[in-house]
file coords07.pdb (PDB, C-alpha atoms)
ATOM      1  CA  MET N  49       0.000   0.000   0.000
ATOM      2  CA  ILE N  50       2.822   2.352   0.914
ATOM      3  CA  LEU N  51       4.480   1.426  -2.372
ATOM      4  CA  VAL N  52       1.363   2.493  -4.251
ATOM      5  CA  PHE N  53       1.256   5.849  -2.507
ATOM      6  CA  ARG N  54       4.975   6.547  -2.651
ATOM      7  CA  THR N  55       5.623   5.577  -6.260
ATOM      8  CA  ILE N  56       2.502   5.415  -8.368
ATOM      9  CA  ILE N  57       0.819   8.603  -7.170
ATOM     10  CA  PRO N  58       3.868  10.823  -7.860
ATOM     11  CA  ILE N  59       4.108   9.294 -11.333
ATOM     12  CA  PHE N  60       0.427  10.088 -11.924
ATOM     13  CA  LEU N  61       1.019  13.598 -10.560
ATOM     14  CA  ILE N  62       3.816  14.264 -13.033
ATOM     15  CA  ALA N  63       1.714  12.802 -15.838
ATOM     16  CA  CYS N  64      -1.194  15.071 -14.853
ATOM     17  CA  GLY N  65       1.083  18.120 -14.766
ATOM     18  CA  ILE N  66       2.518  17.434 -18.228
ATOM     19  CA  ALA N  67      -0.914  16.600 -19.640
ATOM     20  CA  ALA N  68      -2.373  19.841 -18.242
ATOM     21  CA  LEU N  69       0.373  21.768 -20.011
ATOM     22  CA  GLN N  70       0.075  19.897 -23.294
ATOM     23  CA  VAL N  71      -3.667  19.597 -23.755
ATOM     24  CA  LYS N  72      -5.295  22.136 -26.118
ATOM     25  CA  ASP N  73      -8.811  21.972 -24.728
ATOM     26  CA  LEU N  74      -8.914  24.210 -21.653
ATOM     27  CA  PHE N  75     -11.949  22.385 -20.219
ATOM     28  CA  ALA N  76      -9.974  19.139 -20.281
ATOM     29  CA  CYS N  77      -7.106  21.039 -18.677
ATOM     30  CA  VAL N  78      -9.335  22.110 -15.755
ATOM     31  CA  ILE N  79     -10.521  18.539 -15.224
ATOM     32  CA  ILE N  80      -6.924  17.282 -15.295
ATOM     33  CA  LEU N  81      -6.047  19.887 -12.654
ATOM     34  CA  ALA N  82      -8.941  18.603 -10.521
ATOM     35  CA  ALA N  83      -7.509  15.097 -10.834
ATOM     36  CA  TYR N  84      -4.126  16.508  -9.869
ATOM     37  CA  SER N  85      -5.639  18.094  -6.739
ATOM     38  CA  PHE N  86      -7.299  14.857  -5.819
ATOM     39  CA  LEU N  87      -4.050  12.906  -6.166
ATOM     40  CA  ILE N  88      -2.265  15.487  -4.000
ATOM     41  CA  CYS N  89      -5.098  15.041  -1.495
ATOM     42  CA  LEU N  90      -4.442  11.279  -1.383
ATOM     43  CA  LEU N  91      -0.769  11.988  -0.837
ATOM     44  CA  TRP N  92      -1.502  14.351   2.075
ATOM     45  CA  ALA N  93      -3.780  11.756   3.618
ATOM     46  CA  GLU N  94      -1.046   9.127   3.356
ATOM     47  CA  LEU N  95       1.412  11.488   5.076
ATOM     48  CA  GLY N  96      -1.041  11.839   7.995
ATOM     49  CA  ALA N  97      -2.014  15.462   7.273
ATOM     50  CA  ILE N  98      -5.736  14.731   7.150
ATOM     51  CA  ASP N  99      -6.752  18.349   7.724
ATOM     52  CA  VAL N 100      -4.692  19.506   4.756
ATOM     53  CA  ALA N 101      -6.037  16.637   2.653
ATOM     54  CA  PHE N 102      -9.566  17.675   3.558
ATOM     55  CA  THR N 103      -8.904  21.273   2.540
ATOM     56  CA  GLU N 104      -7.289  20.148  -0.693
ATOM     57  CA  ALA N 105     -10.284  17.967  -1.546
ATOM     58  CA  ALA N 106     -12.803  20.715  -0.747
ATOM     59  CA  VAL N 107     -10.963  23.694  -2.248
ATOM     60  CA  GLY N 108      -8.567  22.267  -4.816
ATOM     61  CA  ALA N 109     -10.660  19.530  -6.337
ATOM     62  CA  GLY N 110     -14.073  21.051  -5.605
ATOM     63  CA  VAL N 111     -14.600  24.784  -5.574
ATOM     64  CA  SER N 112     -11.558  25.902  -7.559
ATOM     65  CA  THR N 113     -12.519  23.572 -10.413
ATOM     66  CA  VAL N 114     -15.980  25.115 -10.544
ATOM     67  CA  ILE N 115     -14.544  28.626 -10.393
ATOM     68  CA  LEU N 116     -12.052  27.846 -13.163
ATOM     69  CA  ILE N 117     -14.844  26.466 -15.339
ATOM     70  CA  ALA N 118     -16.911  29.576 -14.617
ATOM     71  CA  ALA N 119     -13.991  31.739 -15.712
ATOM     72  CA  LEU N 120     -13.436  29.504 -18.735
ATOM     73  CA  LEU N 121     -16.946  30.123 -20.037
ATOM     74  CA  HIS N 122     -16.080  33.782 -20.574
ATOM     75  CA  THR N 123     -13.064  33.069 -22.720
ATOM     76  CA  THR N 124     -12.259  30.693 -25.545
ATOM     77  CA  ARG N 125     -12.382  27.001 -24.890
ATOM     78  CA  ARG N 126      -9.296  26.160 -26.906
ATOM     79  CA  SER N 127      -5.831  27.317 -26.046
ATOM     80  CA  ARG N 128      -3.973  29.012 -28.894
ATOM     81  CA  ASP N 129      -0.388  28.183 -28.112
TER      82      ASP N 129
ATOM     83  CA  MET P 907       9.032  29.851 -27.944
ATOM     84  CA  ARG P 908       7.087  26.832 -26.747
ATOM     85  CA  PHE P 909      10.290  24.853 -26.315
ATOM     86  CA  PHE P 910      11.840  27.790 -24.441
ATOM     87  CA  ASN P 911       8.900  27.873 -22.008
ATOM     88  CA  LEU P 912       9.165  24.147 -21.423
ATOM     89  CA  LEU P 913      12.881  24.566 -20.767
ATOM     90  CA  ILE P 914      12.246  27.248 -18.120
ATOM     91  CA  VAL P 915       9.565  25.144 -16.444
ATOM     92  CA  GLY P 916      11.823  22.098 -16.443
ATOM     93  CA  LEU P 917      14.745  24.106 -15.095
ATOM     94  CA  VAL P 918      12.753  25.693 -12.254
ATOM     95  CA  GLY P 919      11.160  22.341 -11.451
ATOM     96  CA  SER P 920      14.484  20.558 -11.202
ATOM     97  CA  LEU P 921      15.874  23.424  -9.086
ATOM     98  CA  LEU P 922      12.938  22.999  -6.685
ATOM     99  CA  LEU P 923      13.448  19.231  -6.597
ATOM    100  CA  TRP P 924      17.153  19.777  -5.979
ATOM    101  CA  GLY P 925      16.259  22.155  -3.136
ATOM    102  CA  THR P 926      14.158  19.499  -1.439
ATOM    103  CA  MET P 927      17.288  17.348  -1.058
ATOM    104  CA  ASP P 928      18.251  19.511   1.925
ATOM    105  CA  PHE P 929      14.949  18.944   3.691
ATOM    106  CA  PRO P 930      14.926  16.746   6.778
ATOM    107  CA  ARG P 931      13.467  13.309   6.217
ATOM    108  CA  TRP P 932       9.748  12.843   6.722
ATOM    109  CA  ALA P 933       8.865  12.474  10.455
ATOM    110  CA  ASP P 934      12.483  13.091  11.453
ATOM    111  CA  PRO P 935      12.484  13.682  15.242
ATOM    112  CA  ASN P 936      15.588  15.848  14.954
ATOM    113  CA  ALA P 937      14.118  18.203  12.367
ATOM    114  CA  PRO P 938      13.930  21.822  13.573
ATOM    115  CA  ALA P 939      10.149  21.846  13.197
ATOM    116  CA  SER P 940       9.636  18.941  15.578
ATOM    117  CA  ARG P 941      12.114  20.038  18.238
ATOM    118  CA  HIS P 942      10.963  23.398  19.555
ATOM    119  CA  VAL P 943       7.228  24.065  19.710
ATOM    120  CA  SER P 944       5.619  20.912  18.322
ATOM    121  CA  PRO P 945       6.379  18.748  21.410
ATOM    122  CA  TYR P 946       4.871  21.446  23.619
ATOM    123  CA  TYR P 947       1.670  21.531  21.569
ATOM    124  CA  LEU P 948       1.385  17.747  21.437
ATOM    125  CA  GLU P 949       1.912  17.372  25.179
ATOM    126  CA  HIS P 950      -0.240  20.236  26.400
ATOM    127  CA  ALA P 951      -3.118  20.481  23.912
ATOM    128  CA  ILE P 952      -5.390  18.018  25.720
ATOM    129  CA  ASP P 953      -4.716  19.494  29.172
ATOM    130  CA  ASP P 954      -4.993  23.085  27.993
ATOM    131  CA  MET P 955      -8.222  22.916  26.052
ATOM    132  CA  GLU P 956      -9.606  19.375  25.933
ATOM    133  CA  VAL P 957      -9.364  19.281  22.166
ATOM    134  CA  PRO P 958      -8.235  15.904  20.795
ATOM    135  CA  ASN P 959      -7.472  17.278  17.326
ATOM    136  CA  VAL P 960      -4.214  19.140  17.900
ATOM    137  CA  VAL P 961      -4.377  20.762  14.467
ATOM    138  CA  SER P 962      -7.592  22.571  15.414
ATOM    139  CA  ALA P 963      -6.100  23.536  18.756
ATOM    140  CA  ILE P 964      -3.048  25.078  17.100
ATOM    141  CA  LEU P 965      -5.014  26.808  14.348
ATOM    142  CA  ALA P 966      -7.733  28.357  16.441
ATOM    143  CA  ASP P 967      -6.096  28.828  19.824
ATOM    144  CA  TYR P 968      -2.289  28.757  19.949
ATOM    145  CA  ARG P 969      -2.113  30.461  16.564
ATOM    146  CA  GLY P 970      -5.397  32.319  16.842
ATOM    147  CA  TYR P 971      -4.044  35.563  15.399
ATOM    148  CA  ASP P 972      -2.922  33.818  12.217
ATOM    149  CA  THR P 973      -6.301  32.250  11.628
ATOM    150  CA  MET P 974      -8.092  35.499  12.376
ATOM    151  CA  TYR P 975      -6.088  37.401   9.804
ATOM    152  CA  GLU P 976      -6.422  34.551   7.314
ATOM    153  CA  THR P 977     -10.163  35.016   7.671
ATOM    154  CA  VAL P 978      -9.698  38.748   7.139
ATOM    155  CA  VAL P 979      -7.604  38.028   4.040
ATOM    156  CA  ILE P 980     -10.368  35.827   2.608
ATOM    157  CA  PHE P 981     -12.883  38.545   3.424
ATOM    158  CA  CYS P 982     -10.741  41.194   1.711
ATOM    159  CA  ALA P 983     -10.247  38.979  -1.348
ATOM    160  CA  GLY P 984     -13.984  38.442  -1.658
ATOM    161  CA  ILE P 985     -14.752  42.126  -1.182
ATOM    162  CA  SER P 986     -12.150  43.070  -3.806
ATOM    163  CA  ILE P 987     -13.624  40.681  -6.361
ATOM    164  CA  LEU P 988     -17.063  42.029  -5.521
ATOM    165  CA  LEU P 989     -15.912  45.629  -5.990
ATOM    166  CA  LEU P 990     -14.098  44.873  -9.238
ATOM    167  CA  LEU P 991     -16.631  42.681 -10.969
ATOM    168  CA  ARG P 992     -20.095  43.321  -9.649
ATOM    169  CA  VAL P 993     -22.090  45.639 -11.859
ATOM    170  CA  GLY P 994     -25.586  44.252 -12.084
ATOM    171  CA  GLU P 995     -26.865  44.296  -8.574
ATOM    172  CA  THR P 996     -30.244  45.828  -9.240
ATOM    173  CA  ALA P 997     -32.805  46.814  -6.674
ATOM    174  CA  TYR P 998     -35.005  43.764  -7.160
ATOM    175  CA  MET P 999     -32.300  41.450  -5.839
ATOM    176  CA  LYS P1000     -32.487  43.088  -2.462
ATOM    177  CA  LYS P1001     -36.089  42.034  -2.009
ATOM    178  CA  ARG P1002     -36.565  38.633  -0.475
ATOM    179  CA  SER P1003     -40.126  38.376  -1.793
ATOM    180  CA  LEU P1004     -39.037  37.728  -5.347
ATOM    181  CA  LYS P1005     -40.977  34.786  -6.717
ATOM    182  CA  ILE P1006     -38.899  31.777  -7.648
ATOM    183  CA  ARG P1007     -39.367  30.957 -11.305
ATOM    184  CA  LEU P1008     -38.653  27.324 -11.932
ATOM    185  CA  VAL P1009     -37.042  26.919 -15.285
ATOM    186  CA  ARG P1010     -37.043  23.684 -17.183
ATOM    187  CA  ARG P1011     -33.639  22.161 -16.732
ATOM    188  CA  ASN P1012     -32.466  18.610 -16.822
ATOM    189  CA  PRO P1013     -34.699  16.759 -14.308
ATOM    190  CA  ILE P1014     -31.876  14.383 -13.377
ATOM    191  CA  LEU P1015     -29.797  17.355 -12.268
ATOM    192  CA  ILE P1016     -32.679  18.806 -10.267
ATOM    193  CA  ILE P1017     -33.438  15.540  -8.466
ATOM    194  CA  ALA P1018     -29.767  14.899  -7.764
ATOM    195  CA  CYS P1019     -29.433  18.416  -6.396
ATOM    196  CA  ARG P1020     -32.483  17.965  -4.154
ATOM    197  CA  ILE P1021     -31.016  14.780  -2.705
ATOM    198  CA  LEU P1022     -27.476  16.069  -2.402
ATOM    199  CA  PHE P1023     -28.030  19.574  -1.052
ATOM    200  CA  PRO P1024     -29.357  18.602   2.433
ATOM    201  CA  ALA P1025     -26.634  15.979   2.777
ATOM    202  CA  ILE P1026     -23.953  18.495   1.822
ATOM    203  CA  VAL P1027     -25.238  21.096   4.281
ATOM    204  CA  LEU P1028     -25.534  18.542   7.084
ATOM    205  CA  PHE P1029     -22.035  17.264   6.424
ATOM    206  CA  ALA P1030     -20.662  20.812   6.370
ATOM    207  CA  LEU P1031     -22.304  21.626   9.705
ATOM    208  CA  TYR P1032     -20.867  18.403  11.114
ATOM    209  CA  VAL P1033     -17.410  19.326   9.845
ATOM    210  CA  ILE P1034     -17.614  22.744  11.506
ATOM    211  CA  ALA P1035     -19.065  21.524  14.799
ATOM    212  CA  HIS P1036     -16.895  18.418  15.048
ATOM    213  CA  GLY P1037     -13.667  20.153  14.094
ATOM    214  CA  HIS P1038     -12.177  19.640  17.555
ATOM    215  CA  HIS P1039     -12.450  15.871  17.465
ATOM    216  CA  SER P1040     -11.871  14.987  13.833
ATOM    217  CA  PRO P1041     -10.223  16.591  10.827
ATOM    218  CA  GLY P1042     -12.091  19.610   9.630
ATOM    219  CA  GLY P1043     -13.051  22.945  11.019
ATOM    220  CA  GLY P1044     -14.431  26.274   9.988
ATOM    221  CA  PHE P1045     -12.562  26.665   6.743
ATOM    222  CA  GLN P1046     -13.348  23.250   5.262
ATOM    223  CA  GLY P1047     -16.932  23.343   6.508
ATOM    224  CA  GLY P1048     -17.414  26.821   5.075
ATOM    225  CA  VAL P1049     -16.090  25.744   1.701
ATOM    226  CA  ILE P1050     -18.446  22.752   1.673
ATOM    227  CA  LEU P1051     -21.409  24.978   2.603
ATOM    228  CA  GLY P1052     -20.472  27.402  -0.152
ATOM    229  CA  ALA P1053     -20.194  24.477  -2.568
ATOM    230  CA  GLY P1054     -23.743  23.498  -1.624
ATOM    231  CA  PHE P1055     -25.047  26.879  -2.772
ATOM    232  CA  ILE P1056     -22.871  26.687  -5.887
ATOM    233  CA  LEU P1057     -24.524  23.324  -6.583
ATOM    234  CA  ILE P1058     -27.928  25.021  -6.520
ATOM    235  CA  ALA P1059     -26.649  27.659  -8.912
ATOM    236  CA  LEU P1060     -25.349  24.927 -11.214
ATOM    237  CA  ALA P1061     -28.330  22.594 -11.129
ATOM    238  CA  TYR P1062     -31.117  25.201 -11.265
ATOM    239  CA  ASN P1063     -29.756  28.575 -12.351
ATOM    240  CA  MET P1064     -28.050  31.593 -10.899
ATOM    241  CA  HIS P1065     -31.361  33.400 -10.491
ATOM    242  CA  ILE P1066     -32.655  30.917  -7.925
ATOM    243  CA  ALA P1067     -29.361  30.780  -6.058
ATOM    244  CA  ILE P1068     -29.363  34.592  -5.892
ATOM    245  CA  VAL P1069     -32.924  34.631  -4.576
ATOM    246  CA  ILE P1070     -31.983  32.185  -1.821
ATOM    247  CA  PHE P1071     -28.673  33.788  -0.978
ATOM    248  CA  TYR P1072     -29.255  37.351  -2.075
ATOM    249  CA  PRO P1073     -26.387  39.875  -2.292
ATOM    250  CA  ARG P1074     -27.134  41.782   0.881
ATOM    251  CA  LEU P1075     -27.340  38.512   2.803
ATOM    252  CA  HIS P1076     -24.051  37.125   1.593
ATOM    253  CA  ARG P1077     -22.266  40.407   2.170
ATOM    254  CA  PHE P1078     -23.743  40.534   5.665
ATOM    255  CA  ILE P1079     -22.757  36.946   6.458
ATOM    256  CA  ALA P1080     -19.210  37.499   5.192
ATOM    257  CA  ALA P1081     -18.827  40.474   7.511
ATOM    258  CA  LEU P1082     -20.611  38.647  10.342
ATOM    259  CA  GLY P1083     -18.032  35.852  10.366
ATOM    260  CA  VAL P1084     -15.103  38.227  10.805
ATOM    261  CA  THR P1085     -17.097  40.113  13.428
ATOM    262  CA  ILE P1086     -17.813  36.937  15.414
ATOM    263  CA  TYR P1087     -14.142  36.052  15.412
ATOM    264  CA  SER P1088     -12.912  39.448  16.531
ATOM    265  CA  LEU P1089     -15.777  39.862  18.993
ATOM    266  CA  VAL P1090     -14.846  36.622  20.765
ATOM    267  CA  GLY P1091     -11.306  37.953  21.024
ATOM    268  CA  LEU P1092     -12.571  41.273  22.306
ATOM    269  CA  ILE P1093     -14.796  39.632  24.934
ATOM    270  CA  CYS P1094     -11.740  37.764  26.206
ATOM    271  CA  LEU P1095      -9.935  41.098  26.390
ATOM    272  CA  LEU P1096     -12.798  42.692  28.327
ATOM    273  CA  LEU P1097     -12.895  39.787  30.783
ATOM    274  CA  GLY P1098      -9.292  40.374  31.735
ATOM    275  CA  GLY P1099      -7.467  37.888  29.508
ATOM    276  CA  ASN P1100      -5.342  38.486  26.462
ATOM    277  CA  PHE P1101      -6.892  39.000  23.032
ATOM    278  CA  LEU P1102      -8.188  35.596  21.852
ATOM    279  CA  ASP P1103      -7.258  33.945  25.168
ATOM    280  CA  TYR P1104     -10.469  31.950  25.469
ATOM    281  CA  SER P1105      -9.799  30.736  29.011
ATOM    282  CA  ALA P1106     -11.051  34.131  30.174
ATOM    283  CA  LEU P1107     -14.503  33.087  28.940
ATOM    284  CA  SER P1108     -14.807  30.748  31.950
ATOM    285  CA  LYS P1109     -15.679  33.823  34.011
ATOM    286  CA  ILE P1110     -19.046  34.152  32.296
ATOM    287  CA  LEU P1111     -19.642  30.521  31.300
ATOM    288  CA  PRO P1112     -20.219  27.756  33.862
ATOM    289  CA  VAL P1113     -17.257  25.690  32.619
ATOM    290  CA  SER P1114     -13.612  25.177  33.495
ATOM    291  CA  PRO P1115     -10.965  27.265  31.671
ATOM    292  CA  ALA P1116      -9.963  24.299  29.507
ATOM    293  CA  GLU P1117     -13.539  23.744  28.364
ATOM    294  CA  ALA P1118     -13.902  27.487  27.807
ATOM    295  CA  ARG P1119     -10.971  27.356  25.405
ATOM    296  CA  SER P1120     -12.648  24.457  23.590
ATOM    297  CA  LEU P1121     -15.872  26.475  23.304
ATOM    298  CA  GLY P1122     -13.910  29.501  22.136
ATOM    299  CA  ILE P1123     -12.399  27.416  19.341
ATOM    300  CA  LEU P1124     -15.898  26.329  18.335
ATOM    301  CA  ALA P1125     -17.124  29.950  18.300
ATOM    302  CA  VAL P1126     -14.307  31.237  16.121
ATOM    303  CA  GLU P1127     -14.636  28.289  13.761
ATOM    304  CA  ILE P1128     -18.294  29.128  13.276
ATOM    305  CA  GLY P1129     -17.162  32.655  12.404
ATOM    306  CA  VAL P1130     -14.605  31.366   9.895
ATOM    307  CA  GLY P1131     -17.247  29.082   8.385
ATOM    308  CA  PHE P1132     -19.675  31.976   7.864
ATOM    309  CA  THR P1133     -17.103  34.151   6.121
ATOM    310  CA  VAL P1134     -15.719  31.396   3.919
ATOM    311  CA  MET P1135     -19.171  30.200   2.875
ATOM    312  CA  ALA P1136     -20.363  33.652   1.841
ATOM    313  CA  ILE P1137     -17.138  34.598   0.084
ATOM    314  CA  MET P1138     -16.956  31.323  -1.877
ATOM    315  CA  PHE P1139     -20.473  31.797  -3.156
ATOM    316  CA  SER P1140     -19.901  35.484  -3.897
ATOM    317  CA  ILE P1141     -16.732  34.791  -5.897
ATOM    318  CA  TYR P1142     -18.472  32.078  -7.892
ATOM    319  CA  ALA P1143     -21.513  34.261  -8.560
ATOM    320  CA  ASP P1144     -19.400  37.173  -9.763
ATOM    321  CA  LEU P1145     -17.069  35.099 -11.910
ATOM    322  CA  SER P1146     -19.695  32.984 -13.618
ATOM    323  CA  THR P1147     -21.980  35.887 -14.542
ATOM    324  CA  ARG P1148     -19.385  38.637 -15.094
ATOM    325  CA  GLY P1149     -20.806  40.409 -12.073
ATOM    326  CA  ARG P1150     -24.326  40.668 -13.494
ATOM    327  CA  LEU P1151     -25.709  37.960 -11.197
ATOM    328  CA  ARG P1152     -27.953  36.783 -13.985
ATOM    329  CA  ARG P1153     -27.893  33.823 -16.361
ATOM    330  CA  GLY P1154     -24.813  32.195 -14.987
ATOM    331  CA  LEU P1155     -23.455  28.791 -15.720
TER     332      LEU P1155
END
call {"tool": "encode", "arguments": {"input": "coords07.pdb", "output": "structure tokens"}}
result
Amino acid sequence: MILVFRTIIPIFLIACGIAALQVKDLFACVIILAAYSFLICLLWAELGAIDVAFTEAAVGAGVSTVILIAALLHTTRRSRD
Amino acid sequence: MRFFNLLIVGLVGSLLLWGTMDFPRWADPNAPASRHVSPYYLEHAIDDMEVPNVVSAILADYRGYDTMYETVVIFCAGISILLLLRVGETAYMKKRSLKIRLVRRNPILIIACRILFPAIVLFALYVIAHGHHSPGGGFQGGVILGAGFILIALAYNMHIAIVIFYPRLHRFIAALGVTIYSLVGLICLLLGGNFLDYSALSKILPVSPAEARSLGILAVEIGVGFTVMAIMFSIYADLSTRGRLRRGL
């Protein structure tokens, strides 16, 4: 179990970070960032920082995703670079 | 240009990773952080304030000033966004008597929202009230409460969410939270203790000083929850409707 948390989650985190940079669709980017937050939340929980994990799940994966999507609706959906 | 950006990101990232080499190992008992104040907190938290969750005890009591000004920072951020973005707050939104017009939206969304909203609110209240004994507290509970209102705005529409949680109300609640926090501190001051030294509250409450500190933590966490809830909803409402508070997401 520790092996899963210590090795596989960081690999997923790096993959999420690179994917969020590479993807053209900004909506997909926001969802990838939510997944990133959730993985970070699992990592905090494994380290014993349950309060921080809770905040990360509520703010990072929850409200900030919604706020980013709300901001996204007022701009273009596809990234230009 | 794209390659250049990637290079900078990679460089800064590897610098940060290289910097973490100097960190003490995880849970190292000889690390500076776990040598000076942490043992004191861990040993005395239960005796001082009868709060099993030491994180809550540190956040709301030992480091009460920090949390108070964090709440003020959240309040200021919300007020700034409100001042910058909000343009469409017309007179009709101030009236509570506005009739709720049910629009035809996806019925699955509506039913799911009706089932989820009470559960979310109940869970948020539990998180705030049970913050001493389990992970959680005012900030997390407030965010979850705010997310409940955002869910209404998403599943129905912004109009209904604004009727329920109208602008004057959410501004008032945001200010009320900060006021509760600072008022608790001020009452402690008036009762002869230091600012935010909740043990002074035992002079007016029929409890021991340790229990008074526990109750003080509960009171300030309720304050934090109020502010965070109102500000989260206000930021969402302004961002999703460009400040017009109409026809949002």
call {"tool": "residues_around", "arguments": {"input": "coords07.pdb", "residues": "stretch 987-991 of chain P", "least_positions_apart": "5", "cutoff": "8 Å", "atoms": "only C-alpha atoms", "output": "number ranges by chain"}}
result
P: 1140-1141, 1144-1145, 1148-1149
call {"tool": "interface_residues", "arguments": {"input": "coords07.pdb", "of": "chain P", "to": "chain N", "cutoff": "8 Å", "atoms": "only C-alpha atoms", "output": "MDAnalysis selection string"}}
result
chainID P and resid 908 961 1041:1042 1045:1046 1049:1050 1053 1138 1141:1142 1145:1146 1155
call {"tool": "resolve_selection", "arguments": {"input": "coords07.pdb", "expression": "the PyMOL selection byres ((chain P and resi 993) around 6)", "output": "tab-separated table (two decimals) with C-alpha atoms, in the coordinates of the input"}}
result
chain	number	residue	atom	x	y	z
P	992	ARG	CA	-20.10	43.32	-9.65
P	994	GLY	CA	-25.59	44.25	-12.08
P	995	GLU	CA	-26.86	44.30	-8.57
P	1149	GLY	CA	-20.81	40.41	-12.07
P	1150	ARG	CA	-24.33	40.67	-13.49
call {"tool": "closest_residue", "arguments": {"input": "coords07.pdb", "among": "P:Cys1019, P:Ala983, P:Leu921, P:Ile1034", "to": "P:Gly1047", "atoms": "only C-alpha atoms"}}
result
P:Ile1034
call {"tool": "resolve_selection", "arguments": {"input": "coords07.pdb", "expression": "the PyMOL selection byres ((chain P and resi 1119-1131) around 6)", "output": "list in words"}}
result
Met955, Ala966, Gly1044, Phe1045, Gly1048, Gly1083, Ile1086, Tyr1087, Tyr1104, Ser1105, Ala1116, Glu1117, Ala1118, Phe1132, Thr1133, Val1134 and Met1135 of chain P
call {"tool": "closest_residue", "arguments": {"input": "coords07.pdb", "among": "N:Ser127, N:Ile50, N:Leu81, N:Ala76", "to": "N:Ile62", "atoms": "all atoms listed in the file"}}
result
N:Leu81
call {"tool": "atom_distance", "arguments": {"input": "coords07.pdb", "atom1": "atom CA of P:Ala1081", "atom2": "atom CA of P:Val979"}}
result
12.0 Å
call {"tool": "resolve_selection", "arguments": {"input": "coords07.pdb", "expression": "the PyMOL selection byres ((chain N and resi 82) around 8)", "output": "list of chain:residue names"}}
result
N:Val78, N:Ile79, N:Ile80, N:Leu81, N:Ala83, N:Tyr84, N:Ser85, N:Phe86, N:Gly108, N:Ala109, N:Gly110, N:Thr113
call {"tool": "residues_around", "arguments": {"input": "coords07.pdb", "residues": "stretch 1074-1076 of chain P", "least_positions_apart": "2", "cutoff": "12 Å", "atoms": "only C-alpha atoms", "output": "PyMOL selection string"}}
result
chain P and resi 981+984-985+988+995-1002+1052+1055+1067-1072+1078-1083+1132-1141+1143
call {"tool": "closest_residue", "arguments": {"input": "coords07.pdb", "among": "N:Leu51, N:Ile56, N:Leu61, N:Leu74", "to": "N:Cys89", "atoms": "only C-alpha atoms"}}
result
N:Leu61
call {"tool": "closest_residue", "arguments": {"input": "coords07.pdb", "among": "P:Ile1017, P:Met927, P:Val1113, P:Met974", "to": "P:Phe1101", "atoms": "all atoms listed in the file"}}
result
P:Met974
call {"tool": "atom_distance", "arguments": {"input": "coords07.pdb", "atom1": "atom CA of P:Ser1108", "atom2": "atom CA of P:Gly1091"}}
result
13.5 Å
call {"tool": "build_atoms", "arguments": {"input": "coords07.pdb", "residues": "stretch 1037-1050 of chain P", "atoms": "N, CA and C atoms", "output": "CSV table (one decimal), in the coordinates of the input"}}
result
chain,number,residue,atom,x,y,z
P,1037,GLY,N,-15.0,19.9,14.5
P,1037,GLY,CA,-13.7,20.2,14.1
P,1037,GLY,C,-12.7,19.9,15.2
P,1038,HIS,N,-13.1,19.9,16.5
P,1038,HIS,CA,-12.2,19.6,17.6
P,1038,HIS,C,-11.7,18.2,17.6
P,1039,HIS,N,-12.7,17.3,17.2
P,1039,HIS,CA,-12.4,15.9,17.5
P,1039,HIS,C,-12.0,15.1,16.2
P,1040,SER,N,-12.2,15.7,15.1
P,1040,SER,CA,-11.9,15.0,13.8
P,1040,SER,C,-11.3,16.0,12.9
P,1041,PRO,N,-10.7,15.6,11.8
P,1041,PRO,CA,-10.2,16.6,10.8
P,1041,PRO,C,-11.4,17.5,10.3
P,1042,GLY,N,-11.0,18.7,10.1
P,1042,GLY,CA,-12.1,19.6,9.6
P,1042,GLY,C,-12.0,20.9,10.4
P,1043,GLY,N,-13.0,21.7,10.3
P,1043,GLY,CA,-13.1,22.9,11.0
P,1043,GLY,C,-13.8,24.0,10.2
P,1044,GLY,N,-13.6,25.2,10.6
P,1044,GLY,CA,-14.4,26.3,10.0
P,1044,GLY,C,-14.2,26.4,8.5
P,1045,PHE,N,-12.9,26.4,8.1
P,1045,PHE,CA,-12.6,26.7,6.7
P,1045,PHE,C,-13.1,25.6,5.8
P,1046,GLN,N,-12.9,24.3,6.1
P,1046,GLN,CA,-13.3,23.2,5.3
P,1046,GLN,C,-14.9,23.2,5.2
P,1047,GLY,N,-15.5,23.4,6.4
P,1047,GLY,CA,-16.9,23.3,6.5
P,1047,GLY,C,-17.5,24.5,5.7
P,1048,GLY,N,-16.9,25.7,5.8
P,1048,GLY,CA,-17.4,26.8,5.1
P,1048,GLY,C,-17.3,26.6,3.6
P,1049,VAL,N,-16.2,26.0,3.1
P,1049,VAL,CA,-16.1,25.7,1.7
P,1049,VAL,C,-17.2,24.8,1.2
P,1050,ILE,N,-17.4,23.7,2.1
P,1050,ILE,CA,-18.4,22.8,1.7
P,1050,ILE,C,-19.8,23.4,1.6
